[in-house]
>>> print(open('entry-v2.tsv').read())   # TSV, C-alpha atoms and all ligand atoms
chain	number	residue	atom	x	y	z
B	28	MET	CA	28.89	13.62	4.64
B	29	GLN	CA	25.25	14.26	3.73
B	30	PRO	CA	22.50	12.08	5.21
B	31	PRO	CA	21.06	9.47	2.81
B	32	VAL	CA	18.08	10.46	0.68
B	33	TYR	CA	15.11	8.27	1.48
B	34	LEU	CA	13.18	7.52	-1.71
B	35	ASP	CA	11.40	4.36	-0.59
B	36	THR	CA	8.21	5.77	0.93
B	37	ASN	CA	6.03	3.14	-0.74
B	38	ALA	CA	7.87	0.55	1.36
B	39	THR	CA	7.32	2.57	4.52
B	40	ALA	CA	7.05	6.28	5.26
B	41	PRO	CA	9.07	7.90	8.05
B	42	LEU	CA	7.17	8.16	11.33
B	43	ALA	CA	5.84	11.73	11.41
B	44	PRO	CA	6.97	13.78	14.45
B	45	GLU	CA	3.39	14.70	15.39
B	46	VAL	CA	2.45	11.01	15.26
B	47	ARG	CA	5.32	10.12	17.55
B	48	ALA	CA	4.24	12.89	19.94
B	49	ALA	CA	0.65	11.60	19.98
B	50	MET	CA	1.87	8.07	20.73
B	51	GLU	CA	4.40	9.02	23.38
B	52	PRO	CA	2.03	9.13	26.41
B	53	TRP	CA	0.73	5.67	25.53
B	54	LEU	CA	4.23	4.25	25.41
B	55	GLN	CA	4.94	5.36	28.96
B	56	SER	CA	4.40	2.97	31.81
B	57	VAL	CA	0.66	3.71	32.11
B	58	PRO	CA	-1.28	0.48	31.56
B	59	ALA	CA	-3.62	0.89	28.61
B	60	ASN	CA	-5.96	-2.02	27.92
B	61	PRO	CA	-9.08	-0.37	26.47
B	62	ALA	CA	-11.18	-3.31	27.67
B	63	SER	CA	-10.38	-2.69	31.36
B	64	VAL	CA	-13.15	-1.07	33.38
B	65	HIS	CA	-10.91	1.04	35.65
B	66	ARG	CA	-9.86	4.59	34.86
B	67	HIS	CA	-6.73	3.52	32.97
B	68	GLY	CA	-8.83	1.34	30.71
B	69	GLN	CA	-11.43	4.03	30.22
B	70	ARG	CA	-8.76	6.53	29.21
B	71	ALA	CA	-7.37	4.04	26.71
B	72	ARG	CA	-10.88	3.31	25.38
B	73	ALA	CA	-11.51	7.01	24.83
B	74	ALA	CA	-8.20	7.35	22.96
B	75	VAL	CA	-8.95	4.31	20.77
B	76	GLU	CA	-12.41	5.59	19.89
B	77	ALA	CA	-11.07	9.09	19.14
B	78	ALA	CA	-8.55	7.50	16.76
B	79	ARG	CA	-11.31	5.42	15.19
B	80	SER	CA	-13.15	8.68	14.47
B	81	GLN	CA	-10.00	10.17	12.91
B	82	VAL	CA	-9.69	7.19	10.55
B	83	ALA	CA	-13.41	7.26	9.72
B	84	SER	CA	-13.21	10.99	9.07
B	85	LEU	CA	-10.49	10.45	6.43
B	86	LEU	CA	-13.07	8.30	4.62
B	87	GLY	CA	-15.81	10.88	4.87
B	88	ASP	CA	-17.51	9.23	7.88
B	89	THR	CA	-19.30	6.73	5.68
B	90	HIS	CA	-17.69	3.51	6.93
B	91	GLU	CA	-17.18	1.65	10.19
B	92	VAL	CA	-13.55	1.12	11.11
B	93	ILE	CA	-12.14	-2.22	12.24
B	94	PHE	CA	-8.54	-1.95	13.42
B	95	THR	CA	-6.22	-4.68	12.15
B	96	SER	CA	-2.49	-5.39	12.38
B	97	GLY	CA	-1.95	-3.64	9.02
B	98	GLY	CA	-2.84	-3.70	5.36
B	99	THR	CA	-2.11	-7.40	4.93
B	100	GLU	CA	-4.59	-8.41	7.60
B	101	ALA	CA	-7.16	-5.90	6.35
B	102	ASP	CA	-6.90	-7.38	2.82
B	103	ASN	CA	-7.18	-10.92	4.17
B	104	LEU	CA	-10.15	-10.01	6.31
B	105	ALA	CA	-11.89	-8.39	3.35
B	106	ILE	CA	-11.40	-11.39	1.11
B	107	TRP	CA	-12.05	-14.23	3.55
B	108	SER	CA	-14.99	-12.45	5.17
B	109	GLN	CA	-17.00	-12.33	1.94
B	110	LEU	CA	-16.46	-15.82	0.55
B	111	GLY	CA	-18.20	-17.67	3.39
B	112	TRP	CA	-17.14	-20.76	5.26
B	113	PRO	CA	-16.60	-23.23	3.72
B	114	PRO	CA	-15.63	-20.73	1.01
B	115	CYS	CA	-17.60	-20.86	-2.21
B	116	GLY	CA	-18.66	-18.77	-5.18
B	117	HIS	CA	-16.62	-16.52	-7.44
B	118	LEU	CA	-14.02	-13.86	-6.65
B	119	LEU	CA	-13.05	-11.15	-9.13
B	120	ILE	CA	-9.69	-9.41	-8.69
B	121	SER	CA	-7.12	-7.63	-10.86
B	122	SER	CA	-3.91	-9.37	-11.85
B	123	ILE	CA	-1.74	-6.63	-10.28
B	124	GLU	CA	-3.08	-6.74	-6.72
B	125	HIS	CA	-0.70	-6.84	-3.78
B	126	PRO	CA	0.22	-10.37	-2.61
B	127	ALA	CA	-2.02	-9.70	0.41
B	128	ILE	CA	-4.87	-10.16	-2.08
B	129	LEU	CA	-3.28	-12.48	-4.65
B	130	GLU	CA	-2.22	-15.08	-2.11
B	131	PRO	CA	-5.49	-15.38	-0.17
B	132	ALA	CA	-7.20	-15.56	-3.56
B	133	ALA	CA	-4.95	-18.47	-4.54
B	134	ALA	CA	-5.61	-20.15	-1.20
B	135	LEU	CA	-9.37	-19.76	-1.71
B	136	GLU	CA	-9.01	-21.18	-5.20
B	137	GLY	CA	-7.41	-24.24	-3.63
B	138	LEU	CA	-10.55	-24.56	-1.49
B	139	GLY	CA	-12.88	-24.48	-4.49
B	140	VAL	CA	-13.58	-20.76	-5.03
B	141	GLU	CA	-13.42	-19.69	-8.66
B	142	VAL	CA	-11.12	-16.72	-9.15
B	143	THR	CA	-10.96	-14.40	-12.16
B	144	ARG	CA	-7.85	-12.24	-12.43
B	145	VAL	CA	-8.59	-9.37	-14.79
B	146	THR	CA	-5.59	-8.21	-16.77
B	147	VAL	CA	-4.21	-4.71	-17.16
B	148	GLY	CA	-3.24	-2.83	-20.31
B	149	ALA	CA	0.25	-1.63	-21.17
B	150	ASP	CA	-0.52	1.50	-19.12
B	151	GLY	CA	-1.05	-0.67	-16.01
B	152	SER	CA	-4.71	0.26	-15.84
B	153	VAL	CA	-7.30	-2.43	-15.13
B	154	ASP	CA	-9.45	-3.21	-18.15
B	155	VAL	CA	-12.89	-1.99	-17.04
B	156	ALA	CA	-14.70	-3.77	-19.89
B	157	ALA	CA	-13.04	-7.04	-18.85
B	158	VAL	CA	-14.20	-6.47	-15.27
B	159	GLY	CA	-17.74	-5.91	-16.56
B	160	ALA	CA	-17.61	-9.12	-18.60
B	161	ALA	CA	-16.31	-11.21	-15.71
B	162	PHE	CA	-19.30	-10.88	-13.35
B	163	ARG	CA	-21.29	-14.06	-12.74
B	164	PRO	CA	-24.41	-14.74	-10.73
B	165	GLU	CA	-22.21	-16.40	-8.08
B	166	THR	CA	-19.68	-13.52	-7.84
B	167	ARG	CA	-19.37	-12.66	-4.15
B	168	LEU	CA	-16.68	-9.96	-4.15
B	169	VAL	CA	-14.71	-7.70	-6.48
B	170	SER	CA	-11.34	-6.50	-5.22
B	171	VAL	CA	-9.30	-3.88	-7.08
B	172	MET	CA	-6.60	-1.70	-5.55
B	173	ALA	CA	-6.81	2.09	-5.75
B	174	ALA	CA	-3.12	2.50	-6.58
B	175	ASN	CA	-0.39	-0.01	-7.25
B	176	ASN	CA	2.47	-0.16	-4.76
B	177	GLU	CA	5.11	-1.08	-7.31
B	178	VAL	CA	4.54	1.12	-10.35
B	179	GLY	CA	2.05	3.61	-8.88
B	180	THR	CA	-0.71	3.19	-11.46
B	181	VAL	CA	-4.10	4.48	-10.34
B	182	GLN	CA	-7.14	2.36	-11.07
B	183	PRO	CA	-10.57	3.50	-12.32
B	184	ILE	CA	-12.31	2.67	-9.04
B	185	ALA	CA	-15.40	4.81	-9.71
B	186	GLU	CA	-16.15	2.92	-12.94
B	187	ILE	CA	-15.53	-0.45	-11.31
B	188	ALA	CA	-17.71	0.60	-8.36
B	189	ALA	CA	-20.55	1.41	-10.74
B	190	LEU	CA	-20.27	-2.05	-12.30
B	191	ALA	CA	-20.15	-3.76	-8.91
B	192	LYS	CA	-23.20	-1.82	-7.77
B	193	ALA	CA	-25.11	-2.71	-10.94
B	194	HIS	CA	-24.40	-6.40	-10.28
B	195	GLY	CA	-25.18	-6.12	-6.57
B	196	VAL	CA	-21.68	-7.33	-5.63
B	197	PRO	CA	-19.62	-5.71	-2.85
B	198	LEU	CA	-16.40	-3.96	-3.89
B	199	HIS	CA	-13.23	-4.10	-1.83
B	200	CYS	CA	-10.54	-1.54	-2.54
B	201	ASP	CA	-6.98	-1.81	-1.22
B	202	ALA	CA	-6.32	1.88	-0.59
B	203	VAL	CA	-3.05	1.32	1.29
B	204	GLN	CA	-0.90	3.25	-1.20
B	205	ALA	CA	-3.56	5.76	-2.22
B	206	ALA	CA	-4.31	6.95	1.31
B	207	ALA	CA	-1.51	9.50	1.56
B	208	TRP	CA	-2.29	11.10	-1.79
B	209	TYR	CA	-5.96	10.99	-2.72
B	210	ASP	CA	-9.27	12.03	-1.27
B	211	LEU	CA	-10.28	8.73	0.29
B	212	ALA	CA	-13.84	9.93	0.73
B	213	GLU	CA	-14.18	9.88	-3.06
B	214	ILE	CA	-12.87	6.32	-3.26
B	215	ALA	CA	-14.89	5.25	-0.22
B	216	CYS	CA	-18.17	6.39	-1.71
B	217	GLY	CA	-17.93	3.58	-4.29
B	218	ALA	CA	-16.30	0.90	-2.16
B	219	ASP	CA	-17.97	-1.31	0.43
B	220	LEU	CA	-14.68	-2.35	2.01
B	221	LEU	CA	-11.38	-0.44	2.12
B	222	SER	CA	-7.96	-1.47	3.43
B	223	LEU	CA	-5.60	1.02	5.05
B	224	SER	CA	-2.16	0.74	6.63
B	225	GLY	CA	-0.56	3.06	9.20
B	226	HIS	CA	3.08	2.91	8.13
B	227	LYS	CA	2.40	4.03	4.56
B	228	ILE	CA	1.05	7.37	5.75
B	229	GLY	CA	3.51	8.42	8.44
B	230	GLY	CA	2.02	6.26	11.17
B	231	PRO	CA	3.59	3.29	12.93
B	232	PRO	CA	3.88	-0.16	11.32
B	233	GLY	CA	1.76	-2.97	12.73
B	234	ILE	CA	-1.56	-1.15	12.57
B	235	GLY	CA	-4.14	-0.70	9.84
B	236	ALA	CA	-7.85	-0.91	9.29
B	237	LEU	CA	-10.58	-2.45	7.26
B	238	ALA	CA	-13.33	0.11	6.70
B	239	VAL	CA	-16.74	-1.46	6.17
B	240	ARG	CA	-19.91	0.06	4.77
B	241	PRO	CA	-22.57	-0.20	7.51
B	242	GLY	CA	-24.87	-3.16	6.97
B	243	LEU	CA	-22.35	-5.32	5.09
B	244	HIS	CA	-21.80	-8.60	6.89
B	245	VAL	CA	-18.18	-9.30	7.83
B	246	GLU	CA	-17.35	-12.81	8.92
B	247	PRO	CA	-14.34	-12.60	11.29
B	248	ILE	CA	-11.19	-14.57	10.54
B	249	LEU	CA	-9.96	-14.51	14.13
B	250	ARG	CA	-11.83	-15.79	17.18
B	251	GLY	CA	-11.06	-14.64	20.66
B	252	GLY	CA	-11.93	-12.15	23.35
B	253	GLY	CA	-14.80	-10.28	21.73
B	254	GLN	CA	-13.04	-6.99	21.05
B	255	GLN	CA	-14.26	-4.78	18.18
B	256	ARG	CA	-17.67	-6.43	18.28
B	257	ASP	CA	-16.05	-9.83	17.66
B	258	LEU	CA	-15.13	-8.71	14.14
B	259	ARG	CA	-11.45	-8.52	15.01
B	260	PRO	CA	-10.86	-9.82	18.51
B	261	GLY	CA	-7.57	-9.19	20.30
B	262	THR	CA	-6.45	-6.45	22.70
B	263	GLU	CA	-6.41	-3.17	20.82
B	264	PRO	CA	-2.85	-1.70	20.80
B	265	THR	CA	-3.63	1.77	22.13
B	266	ALA	CA	-0.34	3.46	21.21
B	267	LEU	CA	-0.38	2.13	17.64
B	268	ILE	CA	-4.03	3.02	17.17
B	269	VAL	CA	-3.50	6.55	18.52
B	270	GLY	CA	-0.54	6.93	16.13
B	271	PHE	CA	-2.60	5.68	13.19
B	272	GLY	CA	-5.40	8.12	14.02
B	273	ALA	CA	-2.90	10.99	14.24
B	274	ALA	CA	-1.39	9.95	10.90
B	275	CYS	CA	-4.84	10.01	9.26
B	276	ALA	CA	-5.52	13.49	10.65
B	277	ARG	CA	-2.10	14.69	9.47
B	278	VAL	CA	-2.58	13.31	5.95
B	279	ALA	CA	-5.99	14.95	5.69
B	280	ASP	CA	-4.36	18.28	6.55
B	281	LEU	CA	-1.25	17.90	4.39
B	282	ARG	CA	-2.56	16.24	1.25
B	283	VAL	CA	-4.12	19.22	-0.44
B	284	GLY	CA	-1.08	21.50	-0.06
B	285	GLN	CA	1.64	18.91	-0.56
B	286	ASN	CA	0.31	16.79	-3.41
B	287	ALA	CA	1.25	19.26	-6.16
B	288	ARG	CA	4.70	19.91	-4.66
B	289	ILE	CA	5.50	16.19	-4.55
B	290	ALA	CA	4.10	15.57	-8.05
B	291	ALA	CA	6.32	18.35	-9.40
B	292	LEU	CA	9.39	16.93	-7.64
B	293	THR	CA	8.64	13.44	-9.01
B	294	ASP	CA	8.33	14.84	-12.54
B	295	ARG	CA	11.55	16.77	-12.07
B	296	LEU	CA	13.38	13.65	-10.92
B	297	ALA	CA	12.06	11.74	-13.93
B	298	ALA	CA	13.12	14.45	-16.36
B	299	ALA	CA	16.61	14.75	-14.85
B	300	ILE	CA	17.20	10.98	-14.96
B	301	VAL	CA	15.91	10.66	-18.53
B	302	ALA	CA	18.10	13.60	-19.59
B	303	SER	CA	21.19	11.76	-18.34
B	304	VAL	CA	20.10	8.22	-19.27
B	305	PRO	CA	18.18	8.71	-22.53
B	306	ASP	CA	17.25	5.04	-22.91
B	307	ALA	CA	15.61	4.95	-19.45
B	308	HIS	CA	12.13	3.48	-19.83
B	309	LEU	CA	9.40	5.32	-17.92
B	310	THR	CA	7.14	2.43	-16.96
B	311	VAL	CA	3.89	4.36	-16.48
B	312	SER	CA	2.62	6.81	-19.04
B	313	GLY	CA	-0.91	7.27	-17.67
B	314	PRO	CA	-2.22	8.35	-14.26
B	315	ARG	CA	0.07	7.44	-11.39
B	316	LEU	CA	0.60	8.26	-7.74
B	317	PRO	CA	2.16	11.73	-7.45
B	318	ASN	CA	5.10	10.34	-5.45
B	319	THR	CA	6.00	7.24	-7.46
B	320	LEU	CA	8.54	7.07	-10.25
B	321	HIS	CA	9.11	3.67	-11.82
B	322	LEU	CA	11.82	3.20	-14.42
B	323	CYS	CA	13.39	0.28	-16.23
B	324	PHE	CA	17.00	0.28	-17.42
B	325	ALA	CA	17.94	-2.34	-20.00
B	326	GLY	CA	21.15	-4.22	-19.21
B	327	CYS	CA	21.19	-3.06	-15.60
B	328	ASP	CA	20.63	-5.55	-12.80
B	329	ALA	CA	18.03	-4.05	-10.45
B	330	ASN	CA	19.46	-5.52	-7.28
B	331	GLU	CA	22.95	-4.33	-8.13
B	332	LEU	CA	21.51	-0.92	-8.88
B	333	VAL	CA	19.71	-0.68	-5.54
B	334	ALA	CA	22.85	-1.85	-3.72
B	335	ARG	CA	24.95	0.75	-5.54
B	336	LEU	CA	22.42	3.49	-4.78
B	337	ASP	CA	22.47	2.51	-1.13
B	338	LEU	CA	26.26	2.88	-1.06
B	339	ASP	CA	25.92	6.25	-2.79
B	340	GLY	CA	23.32	7.54	-0.33
B	341	VAL	CA	19.96	6.94	-2.01
B	342	ALA	CA	17.47	4.44	-0.55
B	343	ALA	CA	15.31	2.99	-3.34
B	344	SER	CA	13.66	-0.28	-4.25
B	345	ALA	CA	14.18	-2.72	-7.09
B	346	GLY	CA	10.49	-3.26	-7.55
B	347	SER	CA	11.19	-6.73	-8.87
B	348	ALA	CA	12.26	-9.57	-6.66
B	349	CYS	CA	15.39	-11.54	-7.35
B	350	HIS	CA	15.96	-14.55	-5.18
B	351	SER	CA	19.47	-15.90	-4.78
B	352	GLY	CA	20.57	-14.25	-7.98
B	353	VAL	CA	17.82	-15.87	-10.07
B	354	PRO	CA	15.69	-13.09	-11.51
B	355	HIS	CA	11.93	-13.39	-11.11
B	356	PRO	CA	10.51	-10.54	-13.13
B	357	SER	CA	7.77	-8.68	-11.33
B	358	ALA	CA	4.28	-10.04	-11.96
B	359	VAL	CA	3.05	-6.44	-12.29
B	360	LEU	CA	5.58	-5.61	-15.01
B	361	ALA	CA	4.84	-8.92	-16.76
B	362	ALA	CA	1.11	-8.09	-16.67
B	363	MET	CA	1.91	-4.73	-18.27
B	364	GLY	CA	3.72	-6.57	-21.07
B	365	ILE	CA	7.19	-5.31	-20.18
B	366	ALA	CA	9.89	-7.62	-21.55
B	367	ALA	CA	11.75	-9.67	-18.94
B	368	ASP	CA	15.19	-8.18	-19.72
B	369	LEU	CA	13.85	-4.64	-19.27
B	370	ALA	CA	11.93	-5.66	-16.14
B	371	ALA	CA	15.16	-7.06	-14.67
B	372	GLY	CA	16.42	-3.47	-14.49
B	373	ALA	CA	13.42	-2.02	-12.64
B	374	LEU	CA	13.81	0.82	-10.16
B	375	ARG	CA	11.13	2.35	-7.93
B	376	LEU	CA	11.80	5.77	-6.45
B	377	SER	CA	9.02	6.84	-4.11
B	378	LEU	CA	8.99	10.30	-2.55
B	379	GLY	CA	7.22	11.38	0.62
B	380	TYR	CA	6.01	14.51	2.33
B	381	HIS	CA	9.49	14.68	3.86
B	382	THR	CA	11.23	14.92	0.45
B	383	THR	CA	12.95	18.21	-0.36
B	384	GLU	CA	13.94	19.88	-3.62
B	385	GLN	CA	17.60	19.65	-2.62
B	386	GLU	CA	17.29	15.91	-2.13
B	387	ILE	CA	15.83	15.49	-5.62
B	388	GLU	CA	18.62	17.61	-7.13
B	389	ARG	CA	21.17	15.45	-5.33
B	390	SER	CA	19.54	12.14	-6.24
B	391	ALA	CA	19.13	12.48	-9.99
B	392	PRO	CA	22.88	12.49	-10.85
B	393	ILE	CA	23.47	9.72	-8.29
B	394	VAL	CA	20.87	7.52	-10.03
B	395	ALA	CA	22.29	8.27	-13.48
B	396	ALA	CA	25.84	7.51	-12.35
B	397	ALA	CA	24.74	4.31	-10.61
B	398	VAL	CA	23.00	3.05	-13.76
B	399	GLN	CA	26.14	3.79	-15.77
B	400	ALA	CA	28.35	2.06	-13.18
B	401	VAL	CA	26.19	-1.06	-12.93
B	402	ARG	CA	25.96	-1.31	-16.69
B	403	THR	CA	29.68	-1.07	-17.26
B	404	ALA	CA	31.25	-2.74	-14.25
B	405	ALA	CA	30.26	-5.64	-12.06
B	406	LEU	CA	29.93	-4.73	-8.41
B	407	PRO	CA	31.81	-6.76	-5.80
B	408	ALA	CA	29.67	-9.68	-4.61
B	409	ARG	CA	27.11	-8.53	-2.09
B	410	ALA	CA	25.06	-10.76	0.11
B	411	VAL	CA	21.52	-11.24	-1.15
B	412	PRO	CA	19.12	-11.26	1.84
B	413	ALA	CA	17.50	-14.60	2.55
B	414	ASP	CA	14.00	-14.96	1.08
B	415	GLY	CA	12.50	-14.47	4.50
B	416	ALA	CA	14.04	-11.01	4.71
B	417	ARG	CA	12.17	-9.86	1.64
B	418	GLY	CA	8.63	-8.70	1.33
B	419	ASN	CA	6.51	-7.17	-1.33
B	420	THR	CA	6.07	-3.52	-0.48
W	501	LIG	N1	-1.50	-3.41	0.07
W	501	LIG	C1	-0.61	-2.65	-0.58
W	501	LIG	C2	-1.03	-2.01	-1.87
W	501	LIG	C3	0.67	-2.45	-0.07
W	501	LIG	O1	1.54	-1.69	-0.73
W	501	LIG	C4	1.02	-3.08	1.16
W	501	LIG	C5	2.38	-2.96	1.70
W	501	LIG	O2	3.34	-2.87	0.98
W	501	LIG	C6	0.05	-3.86	1.81
W	501	LIG	C7	-1.19	-4.01	1.24
W	501	LIG	C8	0.35	-4.51	3.12
W	501	LIG	O3	0.36	-3.56	4.16
W	501	LIG	P1	1.10	-3.86	5.54
W	501	LIG	O4	2.56	-3.68	5.30
W	501	LIG	O5	0.54	-2.85	6.50
W	501	LIG	O6	0.74	-5.25	5.93
>>> encode(input="entry-v2.tsv", output="structure tokens")
Amino acid sequence: MQPPVYLDTNATAPLAPEVRAAMEPWLQSVPANPASVHRHGQRARAAVEAARSQVASLLGDTHEVIFTSGGTEADNLAIWSQLGWPPCGHLLISSIEHPAILEPAAALEGLGVEVTRVTVGADGSVDVAAVGAAFRPETRLVSVMAANNEVGTVQPIAEIAALAKAHGVPLHCDAVQAAAWYDLAEIACGADLLSLSGHKIGGPPGIGALAVRPGLHVEPILRGGGQQRDLRPGTEPTALIVGFGAACARVADLRVGQNARIAALTDRLAAAIVASVPDAHLTVSGPRLPNTLHLCFAGCDANELVARLDLDGVAASAGSACHSGVPHPSAVLAAMGIAADLAAGALRLSLGYHTTEQEIERSAPIVAAAVQAVRTAALPARAVPADGARGNT
């Protein structure tokens, strides 16, 4: 029996062997609090600062790096830190941001902040003219993601950055999904704040960073022991940070050579699936992440499809949540104007640096057969995970 094909890298990428090796010494029994003054602490401090340099280097050494518990915390820190306390003013975001932006924005709205959610076109691209028209004198932050986690659309960050600069408003960019695939230094040169996450780039989960342009004030959201210049207090997790730094260094090395290979494999997978399922709807026609293939299949329940694929040896994601059998079409697909019945059959296949040609050749017929099977026959009842077991990845 062949091992399953993992096509859910946008949810989390496999831990890279060199990352694991870098972390290993810090997972041994050596105590490693970087705030301790003794030699153990000093060694840990040196490792943390070396990793901080590796992360900063991925961004072209233009930003200061604040380690966080991941992309969610980095997004929250970016948003809450710029709206003041008590929060006030105006926040400008896109309508297809990750919930780590959408939900703090909604919470801030409840506290009196005005929020504009700029729509996207049918191609999933943020409407730059609408962003330009939405600025107000009281706008305190613009936040637009570099690449969407669900459908993989890539946003015109350089144009939005130019608008933000012209209005004197800081720009935050959630680069969590873009980090493995694009030159972050290019994105960073227009953004004042950037969010990153370790586990999307071959690092461990539970670690990420908010990169901040020097001179921009960041109001902390946590209070505590003074670590990281009080901007994000809490004992720095040395092993996770070392792993994150190693993952950034690895991505910087791999990206240039691997990007074209993965893009070609993604295109090949798309072509093979469409050849077998001619009515498959390719969700994104414009620029998209090289590793992300999003499709919609009419008359095919997405959760049944993912369950069937799992049984057949392909790990994928529905890309649209369905709680207790009641379909909630994805907000991203709705924003792109995709009809609810088509959106109910959404499938995200996301490749990684680990993906091989053989795996893609194996997966395409499995996907086509699974679509056919789900369309024609009901699967035996399968437990739907409780809401708490789900997350938006
Ligand atoms: N932002 C985007 C675009 C994401 O895809 C994710 C994770 O799916 C996050 C933020 C949250 O990152 P983390 O899982 O590290 O909290």
>>> closest_atom_pairs(input="entry-v2.tsv", of="chain B", to="ligand LIG 501 (chain W)", cutoff="7 Å", atoms="all atoms listed in the file", output="JSON lines")
{"residue": "B:Asn37", "atom": "CA", "partner": "W:LIG501", "partner_atom": "O1", "distance": 6.6}
{"residue": "B:Ala38", "atom": "CA", "partner": "W:LIG501", "partner_atom": "O2", "distance": 5.7}
{"residue": "B:Gly97", "atom": "CA", "partner": "W:LIG501", "partner_atom": "O5", "distance": 3.6}
{"residue": "B:Gly98", "atom": "CA", "partner": "W:LIG501", "partner_atom": "O3", "distance": 3.4}
{"residue": "B:Thr99", "atom": "CA", "partner": "W:LIG501", "partner_atom": "O6", "distance": 3.7}
{"residue": "B:Glu100", "atom": "CA", "partner": "W:LIG501", "partner_atom": "O6", "distance": 6.4}
{"residue": "B:Asp102", "atom": "CA", "partner": "W:LIG501", "partner_atom": "C7", "distance": 6.8}
{"residue": "B:His125", "atom": "CA", "partner": "W:LIG501", "partner_atom": "C2", "distance": 5.2}
{"residue": "B:Ala127", "atom": "CA", "partner": "W:LIG501", "partner_atom": "C7", "distance": 5.8}
{"residue": "B:Met172", "atom": "CA", "partner": "W:LIG501", "partner_atom": "C2", "distance": 6.7}
{"residue": "B:Ala174", "atom": "CA", "partner": "W:LIG501", "partner_atom": "C2", "distance": 6.8}
{"residue": "B:Asn175", "atom": "CA", "partner": "W:LIG501", "partner_atom": "C2", "distance": 5.8}
{"residue": "B:Asn176", "atom": "CA", "partner": "W:LIG501", "partner_atom": "O1", "distance": 4.4}
{"residue": "B:Asp201", "atom": "CA", "partner": "W:LIG501", "partner_atom": "N1", "distance": 5.9}
{"residue": "B:Ala202", "atom": "CA", "partner": "W:LIG501", "partner_atom": "C2", "distance": 6.7}
{"residue": "B:Val203", "atom": "CA", "partner": "W:LIG501", "partner_atom": "C2", "distance": 5.0}
{"residue": "B:Gln204", "atom": "CA", "partner": "W:LIG501", "partner_atom": "C2", "distance": 5.3}
{"residue": "B:Ser224", "atom": "CA", "partner": "W:LIG501", "partner_atom": "O5", "distance": 4.5}
{"residue": "B:Gly225", "atom": "CA", "partner": "W:LIG501", "partner_atom": "O5", "distance": 6.6}
{"residue": "B:His226", "atom": "CA", "partner": "W:LIG501", "partner_atom": "O5", "distance": 6.5}
{"residue": "B:Pro232", "atom": "CA", "partner": "W:LIG501", "partner_atom": "O5", "distance": 6.5}
{"residue": "B:Gly233", "atom": "CA", "partner": "W:LIG501", "partner_atom": "O5", "distance": 6.3}
{"residue": "B:Ile234", "atom": "CA", "partner": "W:LIG501", "partner_atom": "O5", "distance": 6.6}
{"residue": "B:Gly235", "atom": "CA", "partner": "W:LIG501", "partner_atom": "O5", "distance": 6.1}
{"residue": "B:Asn419", "atom": "CA", "partner": "W:LIG501", "partner_atom": "O2", "distance": 5.8}
{"residue": "B:Thr420", "atom": "CA", "partner": "W:LIG501", "partner_atom": "O2", "distance": 3.2}
>>> atom_distance(input="entry-v2.tsv", atom1="atom CA of Asp328 of chain B", atom2="atom CA of Ala149 of chain B")
22.4 Å
>>> residues_around(input="entry-v2.tsv", residues="Asn318 of chain B", least_positions_apart="2", cutoff="7 Å", atoms="all atoms listed in the file", output="PDB file with C-alpha atoms, keeping the file's coordinate frame")
ATOM      1  CA  ILE B 289       5.500  16.190  -4.550  1.00  0.00           C
ATOM      2  CA  ALA B 290       4.100  15.570  -8.050  1.00  0.00           C
ATOM      3  CA  THR B 293       8.640  13.440  -9.010  1.00  0.00           C
ATOM      4  CA  LEU B 316       0.600   8.260  -7.740  1.00  0.00           C
ATOM      5  CA  LEU B 320       8.540   7.070 -10.250  1.00  0.00           C
ATOM      6  CA  SER B 377       9.020   6.840  -4.110  1.00  0.00           C
ATOM      7  CA  LEU B 378       8.990  10.300  -2.550  1.00  0.00           C
ATOM      8  CA  GLY B 379       7.220  11.380   0.620  1.00  0.00           C
TER       9      GLY B 379
END
>>> atom_distance(input="entry-v2.tsv", atom1="atom CA of Pro41 of chain B", atom2="atom CA of Ala212 of chain B")
24.1 Å
>>> closest_residue(input="entry-v2.tsv", among="B:Ser96, B:Thr36, B:Thr403, B:Gln109", to="Tyr380 of chain B", atoms="all atoms listed in the file")
B:Thr36
>>> closest_residue(input="entry-v2.tsv", among="B:Ala345, B:Phe271, B:Ala302, B:Trp208", to="Asn286 of chain B", atoms="only C-alpha atoms")
B:Trp208
>>> closest_atom_pairs(input="entry-v2.tsv", of="segment 161-271 of chain B", to="segment 62-72 of chain B", cutoff="8 Å", atoms="all atoms listed in the file", output="tab-separated table")
residue	atom	partner	partner_atom	distance
B:Gln254	CA	B:Ala62	CA	7.8
B:Thr262	CA	B:Ala62	CA	7.5
B:Thr265	CA	B:Ala71	CA	6.3
>>> write_last_selection(input="entry-v2.tsv", atoms="C-alpha atoms", output="PDB file, in the frame of the given file")
ATOM      1  CA  GLN B 254     -13.040  -6.990  21.050  1.00  0.00           C
ATOM      2  CA  THR B 262      -6.450  -6.450  22.700  1.00  0.00           C
ATOM      3  CA  THR B 265      -3.630   1.770  22.130  1.00  0.00           C
TER       4      THR B 265
END
>>> residues_around(input="entry-v2.tsv", residues="Ser152 of chain B", least_positions_apart="5", cutoff="10 Å", atoms="all atoms listed in the file", output="list in words")
Ser121, Ile123, Thr146, Val147, Ala174, Asn175, Thr180, Val181, Gln182, Pro183, Val311, Gly313, Pro314, Arg315 and Met363 of chain B
>>> residues_around(input="entry-v2.tsv", residues="Leu138 of chain B", least_positions_apart="3", cutoff="9 Å", atoms="all atoms listed in the file", output="PDB file with C-alpha atoms, in the coordinates of the input")
ATOM      1  CA  PRO B 113     -16.600 -23.230   3.720  1.00  0.00           C
ATOM      2  CA  PRO B 114     -15.630 -20.730   1.010  1.00  0.00           C
ATOM      3  CA  CYS B 115     -17.600 -20.860  -2.210  1.00  0.00           C
ATOM      4  CA  ALA B 133      -4.950 -18.470  -4.540  1.00  0.00           C
ATOM      5  CA  ALA B 134      -5.610 -20.150  -1.200  1.00  0.00           C
ATOM      6  CA  LEU B 135      -9.370 -19.760  -1.710  1.00  0.00           C
TER       7      LEU B 135
END
